[in-house]
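S.K.: Here you go, data_3.tsv (TSV, C-alpha atoms):
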chain	number	residue	atom	x	y	z
Y	1	MET	CA	0.00	0.00	0.00
Y	2	GLY	CA	2.87	2.35	-0.73
Y	3	THR	CA	5.08	2.09	2.35
Y	4	THR	CA	7.35	-0.32	4.21
Y	5	PRO	CA	6.45	-1.72	7.65
Y	6	SER	CA	9.21	0.31	9.34
Y	7	GLU	CA	7.85	3.53	7.81
Y	8	CYS	CA	4.37	2.63	9.08
Y	9	ASN	CA	5.69	2.52	12.64
Y	10	ARG	CA	6.24	6.28	12.37
Y	11	GLN	CA	2.81	7.06	10.90
Y	12	ASN	CA	-0.87	6.58	11.54
Y	13	VAL	CA	-1.94	3.16	10.28
Y	14	VAL	CA	-5.17	1.68	9.01
Y	15	LEU	CA	-5.00	-2.10	9.21
Y	16	ILE	CA	-6.49	-4.25	6.44
Y	17	SER	CA	-7.44	-7.91	6.40
Y	18	ARG	CA	-9.30	-10.11	3.95
Y	19	LEU	CA	-12.42	-11.94	5.15
Y	20	THR	CA	-14.30	-14.81	3.55
Y	21	THR	CA	-18.11	-14.76	3.37
Y	22	PRO	CA	-20.69	-16.95	1.63
Y	23	ILE	CA	-21.31	-14.15	-0.90
Y	24	GLY	CA	-17.71	-13.31	-1.67
Y	25	PRO	CA	-14.49	-12.10	-0.09
Y	26	MET	CA	-14.40	-8.77	1.70
Y	27	PHE	CA	-11.77	-6.37	2.96
Y	28	ALA	CA	-12.03	-5.11	6.53
Y	29	CYS	CA	-10.06	-2.02	7.56
Y	30	ALA	CA	-9.78	-0.65	11.08
Y	31	THR	CA	-8.10	2.09	13.03
Y	32	ASP	CA	-7.39	1.88	16.75
Y	33	LYS	CA	-10.87	3.40	17.30
Y	34	GLY	CA	-12.93	1.03	15.19
Y	35	LEU	CA	-13.87	-0.53	11.87
Y	36	CYS	CA	-13.60	2.03	9.07
Y	37	LEU	CA	-14.23	-0.12	5.99
Y	38	LEU	CA	-15.96	-3.39	5.17
Y	39	GLU	CA	-16.36	-3.88	1.43
Y	40	PHE	CA	-16.52	-6.65	-1.12
Y	41	VAL	CA	-13.16	-6.99	-2.87
Y	42	ASP	CA	-14.79	-6.50	-6.29
Y	43	ARG	CA	-16.53	-3.20	-5.44
Y	44	ARG	CA	-15.93	-0.70	-8.23
Y	45	MET	CA	-15.02	2.22	-5.97
Y	46	LEU	CA	-12.67	0.28	-3.69
Y	47	GLU	CA	-9.45	2.01	-4.79
Y	48	THR	CA	-11.11	5.40	-4.25
Y	49	GLU	CA	-12.26	4.30	-0.80
Y	50	PHE	CA	-8.70	3.24	0.10
Y	51	SER	CA	-7.39	6.64	-1.04
Y	52	ASP	CA	-10.12	8.41	0.92
Y	53	LEU	CA	-9.27	6.46	4.09
Y	54	GLN	CA	-5.58	7.32	3.79
Y	55	ARG	CA	-6.46	11.00	3.34
Y	56	LEU	CA	-9.15	11.14	6.04
Y	57	PHE	CA	-7.00	9.41	8.66
Y	58	ASN	CA	-3.67	10.80	7.40
Y	59	ALA	CA	-2.57	7.17	7.48
Y	60	LYS	CA	-1.11	4.37	5.44
Y	61	ILE	CA	-2.95	1.10	4.91
Y	62	MET	CA	-1.02	-1.93	6.11
Y	63	ASN	CA	-1.86	-5.64	6.36
Y	64	GLY	CA	-2.72	-6.67	9.90
Y	65	GLU	CA	-5.49	-7.18	12.40
Y	66	ASN	CA	-6.67	-5.63	15.62
Y	67	GLN	CA	-9.57	-6.30	17.99
Y	68	HIS	CA	-12.06	-4.52	15.67
Y	69	ILE	CA	-11.21	-6.72	12.69
Y	70	GLU	CA	-11.31	-9.82	14.90
Y	71	THR	CA	-14.72	-8.72	16.23
Y	72	VAL	CA	-16.22	-8.07	12.80
Y	73	ARG	CA	-14.89	-11.43	11.52
Y	74	ARG	CA	-16.61	-13.25	14.40
Y	75	GLU	CA	-19.81	-11.21	14.14
Y	76	LEU	CA	-20.03	-11.67	10.36
Y	77	ASN	CA	-19.62	-15.43	10.77
Y	78	GLU	CA	-22.48	-15.37	13.29
Y	79	TYR	CA	-24.60	-13.17	10.99
Y	80	PHE	CA	-24.14	-15.51	8.04
Y	81	ALA	CA	-24.88	-18.52	10.26
Y	82	GLY	CA	-28.20	-16.89	11.20
Y	83	GLU	CA	-27.10	-16.40	14.82
Y	84	ARG	CA	-26.71	-12.59	14.85
Y	85	MET	CA	-29.16	-9.84	13.94
Y	86	SER	CA	-27.14	-6.80	15.02
Y	87	PHE	CA	-23.49	-5.87	15.33
Y	88	THR	CA	-21.48	-4.56	18.28
Y	89	VAL	CA	-18.15	-3.89	16.56
Y	90	LYS	CA	-16.97	-0.33	17.18
Y	91	LEU	CA	-17.00	1.92	14.12
Y	92	ASP	CA	-14.77	4.79	13.00
Y	93	THR	CA	-16.71	6.40	10.15
Y	94	PRO	CA	-15.53	9.85	9.12
Y	95	GLY	CA	-18.12	11.78	7.14
Y	96	THR	CA	-20.18	14.94	7.05
Y	97	THR	CA	-22.85	15.60	9.67
Y	98	PHE	CA	-25.49	14.73	7.08
Y	99	GLN	CA	-23.76	11.47	6.13
Y	100	GLN	CA	-23.46	10.54	9.80
Y	101	SER	CA	-27.21	11.09	10.29
Y	102	VAL	CA	-28.00	8.94	7.24
Y	103	TRP	CA	-25.71	6.13	8.40
Y	104	GLN	CA	-27.19	6.25	11.91
Y	105	ALA	CA	-30.67	5.98	10.37
Y	106	LEU	CA	-29.52	2.94	8.38
Y	107	CYS	CA	-28.50	1.24	11.62
Y	108	LYS	CA	-32.03	1.74	12.96
Y	109	ILE	CA	-33.70	-0.21	10.13
Y	110	PRO	CA	-34.70	-3.47	11.81
Y	111	TYR	CA	-33.13	-6.73	10.69
Y	112	GLY	CA	-35.19	-8.37	7.98
Y	113	GLN	CA	-37.08	-5.19	7.09
Y	114	THR	CA	-36.67	-2.68	4.31
Y	115	TYR	CA	-37.21	1.07	4.00
Y	116	SER	CA	-37.52	3.10	0.86
Y	117	TYR	CA	-35.15	6.01	0.33
Y	118	GLN	CA	-38.20	8.22	1.01
Y	119	GLN	CA	-38.81	6.52	4.38
Y	120	GLN	CA	-35.14	6.90	5.25
Y	121	ALA	CA	-35.25	10.62	4.39
Y	122	GLU	CA	-38.35	11.00	6.57
Y	123	SER	CA	-36.60	9.15	9.41
Y	124	ILE	CA	-33.90	11.84	9.52
Y	125	GLY	CA	-36.54	14.60	9.41
Y	126	ASN	CA	-35.91	15.74	5.83
Y	127	ASN	CA	-38.48	14.19	3.49
Y	128	LYS	CA	-37.15	16.19	0.51
Y	129	ALA	CA	-33.61	14.80	0.80
Y	130	VAL	CA	-34.29	11.50	-1.00
Y	131	ARG	CA	-31.47	11.91	-3.53
Y	132	ALA	CA	-29.04	13.18	-0.90
Y	133	VAL	CA	-29.91	10.19	1.28
Y	134	ALA	CA	-29.28	7.83	-1.65
Y	135	SER	CA	-25.93	9.53	-2.26
Y	136	ALA	CA	-24.94	9.26	1.42
Y	137	ASN	CA	-25.93	5.57	1.40
Y	138	GLY	CA	-23.59	5.12	-1.55
Y	139	MET	CA	-20.78	6.70	0.48
Y	140	ASN	CA	-21.22	4.15	3.28
Y	141	ARG	CA	-17.91	2.28	3.52
Y	142	ILE	CA	-19.15	-0.39	5.96
Y	143	ALA	CA	-21.33	-2.91	4.13
Y	144	ILE	CA	-23.71	-5.20	6.05
Y	145	VAL	CA	-22.83	-3.73	9.49
Y	146	ILE	CA	-24.27	-0.36	8.38
Y	147	PRO	CA	-27.10	-2.06	6.48
Y	148	CYS	CA	-27.60	-0.01	3.32
Y	149	HIS	CA	-28.78	-3.26	1.70
Y	150	ARG	CA	-32.08	-2.74	3.58
Y	151	VAL	CA	-32.99	0.32	1.49
Y	152	ILE	CA	-35.04	-0.25	-1.66
Y	153	GLY	CA	-36.84	1.87	-4.22
Y	154	LYS	CA	-40.18	3.48	-3.38
Y	155	ASN	CA	-41.84	1.02	-5.78
Y	156	GLY	CA	-40.38	-1.92	-3.82
Y	157	GLN	CA	-37.71	-2.71	-6.40
Y	158	LEU	CA	-34.08	-3.39	-5.55
Y	159	THR	CA	-31.90	-0.44	-6.46
Y	160	GLY	CA	-28.30	0.65	-6.03
Y	161	TYR	CA	-25.96	-1.43	-3.93
Y	162	GLY	CA	-22.17	-1.18	-4.15
Y	163	GLY	CA	-21.82	-4.93	-3.66
Y	164	GLY	CA	-24.22	-5.64	-6.54
Y	165	LEU	CA	-27.95	-6.30	-6.67
Y	166	GLU	CA	-27.53	-10.09	-6.45
Y	167	ARG	CA	-25.75	-9.72	-3.11
Y	168	LYS	CA	-28.41	-7.29	-1.94
Y	169	ARG	CA	-31.12	-9.80	-2.87
Y	170	TRP	CA	-29.17	-12.58	-1.09
Y	171	LEU	CA	-28.77	-10.50	2.10
Y	172	LEU	CA	-32.46	-9.57	2.20
Y	173	LEU	CA	-33.54	-13.19	1.64
Y	174	HIS	CA	-31.05	-14.38	4.27
Y	175	GLU	CA	-32.48	-11.97	6.85
Y	176	LYS	CA	-36.08	-12.78	5.93
Y	177	GLU	CA	-35.47	-16.54	6.18
Y	178	ASN	CA	-33.81	-16.14	9.58
Y	179	LEU	CA	-36.68	-14.00	10.87
Y	180	VAL	CA	-39.18	-16.60	9.73
Y	181	ALA	CA	-37.12	-19.29	11.48
Y	182	VAL	CA	-37.13	-17.23	14.70
Y	183	CYS	CA	-40.57	-15.56	14.55
Y	184	GLY	CA	-42.62	-17.94	12.43
Y	185	ASP	CA	-44.76	-17.06	9.42
Y	186	SER	CA	-45.99	-13.80	10.96
Y	187	VAL	CA	-43.12	-11.94	9.29
Y	188	SER	CA	-44.46	-9.49	6.74
Y	189	GLN	CA	-43.62	-9.96	3.07
Y	190	TYR	CA	-41.55	-7.49	1.10
Y	191	ALA	CA	-40.22	-7.38	-2.45
Y	192	ILE	CA	-36.87	-8.95	-3.10
Transcribe the structure of this file into C-alpha cells.

M.R.:
Amino acid sequence: MGTTPSECNRQNVVLISRLTTPIGPMFACATDKGLCLLEFVDRRMLETEFSDLQRLFNAKIMNGENQHIETVRRELNEYFAGERMSFTVKLDTPGTTFQQSVWQALCKIPYGQTYSYQQQAESIGNNKAVRAVASANGMNRIAIVIPCHRVIGKNGQLTGYGGGLERKRWLLLHEKENLVAVCGDSVSQYAI
C-alpha cells in the first residue's frame, strides 16, 4: 500500500485484512478506534475508498489485524450462520454531519425489514432529501454492518448497492429466512 512496515511505525496506520463470506471475499479495515471499511473486494469504488481512508485518517494502509477486525470477523460469521441480527463492533466512520445522520438511520432499520429512500429521508426529518440520502448511502464504507442493503426503491424494487444487486437480494432473503425461522410465518412480506 505504498510504504514499508518500518515507515508505518512512524505514521498513523489503518489495518487491512481479507475476510471470507458466503457471498464473496471482503476487505475489513480498522483504526485503533474502530472498523472504518468493510467492502466486497470487487466493489468498483474500492481504490477510491482506500485513497479516501488514507487521506481522512492521514494514514497508510497496512496488512494486519486488531480487535475490531477480529470482532467483525466473528460477528459476520455469526450473521451468516443466522445467529446474529445486530453488530457490536466499534466503528470509526468519518463523514459529514449529514452522512453521519443517514448512516445512523440505516442502523435503525430493523433486521429483515426494508425502508424506501423516502422513508429513510423521513426518518432523519428531511423528506425532501431523498437523492441526498441515496448519495450518502452510496458513500457508506461499511457494508452489512451499516445495512444499506435494507434500502429499496419506493416502488419496492431493488436499487443501487455497491456490492451488486444479487448480493443485496441474497442478504435480504437471508435476513427474511432467519426471521421466519425465529418468529414464524408472521413476518411481513416485502419485495426482493

S.K.: Per residue of stretch 75-173 of chain Y within 6 Å of stretch 21-34 of chain Y, what are the shortest atom pair and its distance in Å to one decimal, counting all atoms listed in the file, with rows by chain and residue number, as a Markdown table?

M.R.:
| residue | atom | partner | partner_atom | distance |
| --- | --- | --- | --- | --- |
| Y:Lys90 | CA | Y:Gly34 | CA | 4.7 |
| Y:Leu91 | CA | Y:Gly34 | CA | 4.3 |
| Y:Asp92 | CA | Y:Gly34 | CA | 4.7 |

S.K.: With distances taken over all atoms listed in the file, which residue among Y:Asn77, Y:Asn126, Y:Asn12, Y:Ser17 lies nearest Y:Lys60?

M.R.: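 Of Y:Asn77, Y:Asn126, Y:Asn12, Y:Ser17, the one nearest Y:Lys60 is Y:Asn12, counting all atoms listed in the file.
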
S.K.: Which is closer to Y:Glu39 than all the others in Y:Lys128, Y:Arg55, Y:Arg167, Y:Arg84, using only C-alpha atoms?

M.R.: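 Selected residue with least distance to Y:Glu39: Y:Arg167.
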
S.K.: If we count only C-alpha atoms and set the cut-off at 12 Å, which residues sit around Y:Glu70, ignoring sequence neighbours fewer than 2 positions away in its own chain? Please answer as a list in words.

M.R.: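 That gives Leu15, Ile16, Ser17, Arg18, Leu19, Ala28, Cys29, Ala30, Gly34, Leu35, Gly64, Glu65, Asn66, Gln67, His68, Val72, Arg73, Arg74, Glu75, Leu76, Asn77, Thr88, Val89 and Lys90 of chain Y.
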
S.K.: Skip Y:Asn155 itself and residues of its chain fewer than 2 positions away, then list as a PyMOL selection string all residues within 10 Å of it, counting all atoms listed in the file.

M.R.: chain Y and resi 116+152-153+157-158+191

S.K.: Using C-alpha atoms, can you write the selected residues to a file as a PDB file, keeping the file's coordinate frame?

M.R.:
ATOM      1  CA  SER Y 116     -37.520   3.100   0.860  1.00  0.00           C
ATOM      2  CA  ILE Y 152     -35.040  -0.250  -1.660  1.00  0.00           C
ATOM      3  CA  GLY Y 153     -36.840   1.870  -4.220  1.00  0.00           C
ATOM      4  CA  GLN Y 157     -37.710  -2.710  -6.400  1.00  0.00           C
ATOM      5  CA  LEU Y 158     -34.080  -3.390  -5.550  1.00  0.00           C
ATOM      6  CA  ALA Y 191     -40.220  -7.380  -2.450  1.00  0.00           C
TER       7      ALA Y 191
END

S.K.: Between atom CA of Y:Gly163 and atom CA of Y:Arg43, measure the distance and give it in Å to one decimal.

M.R.: 5.8 Å

S.K.: Give me, please, the distance in Å between atom CA of Y:Thr159 and atom CA of Y:Asp52, quoted to one decimal.

M.R.: 24.6 Å

S.K.: Can you list, as a PyMOL selection string, every protein, DNA or RNA residue that comes within 7 Å of Y:Val102 when you count all atoms listed in the file, leaving out same-chain residues fewer than 4 positions away?

M.R.: chain Y and resi 98+106+124+133+136

S.K.: Distance atom CA of Y:Lys176-atom CA of Y:Gly112, one decimal place?

M.R.: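 A separation of 4.9 Å between them.
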
S.K.: For Y:Phe40, which residue among Y:Leu171, Y:Ala105, Y:Thr20, Y:Gln119 is the nearest when counting only C-alpha atoms?

M.R.: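 Among the listed residues, Y:Thr20 lies closest to Y:Phe40.
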
S.K.: Determine the nearest neighbour of Y:Gly156 from the options Y:Asn137, Y:Gln120, Y:Thr114, Y:Thr48, counting all atoms listed in the file.

M.R.: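 So, comparing all the options, the nearest one is Y:Thr114.
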
S.K.: From the list Y:Leu46, Y:Tyr117, Y:His149, Y:Lys168, which residue is nearest Y:Arg131 when using only C-alpha atoms?

M.R.: Y:Tyr117

S.K.: Please provide the set of residues having any atom within 10 Å of Y:Tyr79, restricted to only C-alpha atoms, with same-chain residues fewer than 6 positions apart removed, written as an MDAnalysis selection string.

M.R.: chainID Y and resid 72:73 85:87 144:145 174:175 178

S.K.: Can you put all heavy atoms back into stretch 75-86 of chain Y and show it as a JSON list (two decimals), keeping the file's coordinate frame?

M.R.:
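Now in out.json:
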[["chain", "number", "residue", "atom", "x", "y", "z"],
["Y", 75, "GLU", "N", -18.42, -11.62, 14.25],
["Y", 75, "GLU", "CA", -19.81, -11.21, 14.14],
["Y", 75, "GLU", "C", -20.37, -11.50, 12.75],
["Y", 75, "GLU", "O", -21.54, -11.87, 12.61],
["Y", 75, "GLU", "CB", -19.98, -9.75, 14.53],
["Y", 75, "GLU", "CG", -19.75, -9.54, 16.03],
["Y", 75, "GLU", "CD", -20.04, -8.13, 16.51],
["Y", 75, "GLU", "OE1", -20.27, -7.22, 15.67],
["Y", 75, "GLU", "OE2", -20.06, -7.94, 17.74],
["Y", 76, "LEU", "N", -19.57, -11.33, 11.71],
["Y", 76, "LEU", "CA", -20.03, -11.67, 10.36],
["Y", 76, "LEU", "C", -20.28, -13.17, 10.23],
["Y", 76, "LEU", "O", -21.28, -13.58, 9.62],
["Y", 76, "LEU", "CB", -19.01, -11.23, 9.30],
["Y", 76, "LEU", "CG", -19.08, -9.79, 8.83],
["Y", 76, "LEU", "CD1", -17.94, -9.50, 7.87],
["Y", 76, "LEU", "CD2", -20.42, -9.46, 8.19],
["Y", 77, "ASN", "N", -19.40, -13.98, 10.79],
["Y", 77, "ASN", "CA", -19.62, -15.43, 10.77],
["Y", 77, "ASN", "C", -20.94, -15.78, 11.46],
["Y", 77, "ASN", "O", -21.71, -16.61, 10.96],
["Y", 77, "ASN", "CB", -18.45, -16.18, 11.43],
["Y", 77, "ASN", "CG", -17.21, -16.17, 10.56],
["Y", 77, "ASN", "OD1", -17.28, -16.01, 9.35],
["Y", 77, "ASN", "ND2", -16.06, -16.36, 11.19],
["Y", 78, "GLU", "N", -21.23, -15.14, 12.58],
["Y", 78, "GLU", "CA", -22.48, -15.37, 13.29],
["Y", 78, "GLU", "C", -23.67, -14.88, 12.47],
["Y", 78, "GLU", "O", -24.73, -15.53, 12.42],
["Y", 78, "GLU", "CB", -22.44, -14.69, 14.66],
["Y", 78, "GLU", "CG", -21.43, -15.31, 15.61],
["Y", 78, "GLU", "CD", -21.12, -14.46, 16.84],
["Y", 78, "GLU", "OE1", -21.66, -13.33, 16.97],
["Y", 78, "GLU", "OE2", -20.34, -14.93, 17.68],
["Y", 79, "TYR", "N", -23.53, -13.72, 11.84],
["Y", 79, "TYR", "CA", -24.60, -13.17, 10.99],
["Y", 79, "TYR", "C", -24.93, -14.14, 9.86],
["Y", 79, "TYR", "O", -26.08, -14.48, 9.62],
["Y", 79, "TYR", "CB", -24.15, -11.81, 10.43],
["Y", 79, "TYR", "CG", -25.06, -11.25, 9.36],
["Y", 79, "TYR", "CD1", -26.19, -10.50, 9.69],
["Y", 79, "TYR", "CD2", -24.79, -11.47, 8.00],
["Y", 79, "TYR", "CE1", -27.02, -9.99, 8.70],
["Y", 79, "TYR", "CE2", -25.61, -10.96, 7.02],
["Y", 79, "TYR", "CZ", -26.73, -10.23, 7.37],
["Y", 79, "TYR", "OH", -27.56, -9.73, 6.39],
["Y", 80, "PHE", "N", -23.91, -14.61, 9.16],
["Y", 80, "PHE", "CA", -24.14, -15.51, 8.04],
["Y", 80, "PHE", "C", -24.64, -16.88, 8.49],
["Y", 80, "PHE", "O", -25.33, -17.56, 7.74],
["Y", 80, "PHE", "CB", -22.88, -15.64, 7.17],
["Y", 80, "PHE", "CG", -22.65, -14.44, 6.29],
["Y", 80, "PHE", "CD1", -21.56, -13.62, 6.48],
["Y", 80, "PHE", "CD2", -23.54, -14.13, 5.26],
["Y", 80, "PHE", "CE1", -21.34, -12.51, 5.67],
["Y", 80, "PHE", "CE2", -23.34, -13.03, 4.45],
["Y", 80, "PHE", "CZ", -22.25, -12.21, 4.65],
["Y", 81, "ALA", "N", -24.36, -17.26, 9.71],
["Y", 81, "ALA", "CA", -24.88, -18.52, 10.26],
["Y", 81, "ALA", "C", -26.31, -18.36, 10.79],
["Y", 81, "ALA", "O", -26.91, -19.32, 11.26],
["Y", 81, "ALA", "CB", -23.96, -19.02, 11.38],
["Y", 82, "GLY", "N", -26.85, -17.15, 10.71],
["Y", 82, "GLY", "CA", -28.20, -16.89, 11.20],
["Y", 82, "GLY", "C", -28.28, -16.75, 12.70],
["Y", 82, "GLY", "O", -29.36, -16.83, 13.28],
["Y", 83, "GLU", "N", -27.16, -16.49, 13.36],
["Y", 83, "GLU", "CA", -27.10, -16.40, 14.82],
["Y", 83, "GLU", "C", -26.98, -14.96, 15.32],
["Y", 83, "GLU", "O", -26.94, -14.75, 16.53],
["Y", 83, "GLU", "CB", -25.89, -17.20, 15.32],
["Y", 83, "GLU", "CG", -25.94, -18.66, 14.95],
["Y", 83, "GLU", "CD", -24.60, -19.36, 15.12],
["Y", 83, "GLU", "OE1", -23.59, -18.71, 15.45],
["Y", 83, "GLU", "OE2", -24.57, -20.59, 14.90],
["Y", 84, "ARG", "N", -26.90, -13.99, 14.43],
["Y", 84, "ARG", "CA", -26.71, -12.59, 14.85],
["Y", 84, "ARG", "C", -27.59, -11.69, 13.98],
["Y", 84, "ARG", "O", -27.58, -11.81, 12.77],
["Y", 84, "ARG", "CB", -25.25, -12.19, 14.72],
["Y", 84, "ARG", "CG", -25.00, -10.70, 15.01],
["Y", 84, "ARG", "CD", -23.53, -10.37, 15.06],
["Y", 84, "ARG", "NE", -22.91, -10.94, 16.24],
["Y", 84, "ARG", "CZ", -22.97, -10.41, 17.47],
["Y", 84, "ARG", "NH1", -23.62, -9.29, 17.67],
["Y", 84, "ARG", "NH2", -22.36, -11.01, 18.48],
["Y", 85, "MET", "N", -28.31, -10.78, 14.66],
["Y", 85, "MET", "CA", -29.16, -9.84, 13.94],
["Y", 85, "MET", "C", -28.68, -8.40, 14.04],
["Y", 85, "MET", "O", -29.19, -7.53, 13.36],
["Y", 85, "MET", "CB", -30.60, -9.94, 14.43],
["Y", 85, "MET", "CG", -31.22, -11.28, 14.12],
["Y", 85, "MET", "SD", -32.95, -11.31, 14.60],
["Y", 85, "MET", "CE", -33.36, -13.00, 14.23],
["Y", 86, "SER", "N", -27.71, -8.14, 14.91],
["Y", 86, "SER", "CA", -27.14, -6.80, 15.02],
["Y", 86, "SER", "C", -25.66, -6.93, 15.36],
["Y", 86, "SER", "O", -25.22, -7.99, 15.81],
["Y", 86, "SER", "CB", -27.88, -5.97, 16.08],
["Y", 86, "SER", "OG", -27.73, -6.57, 17.35]]
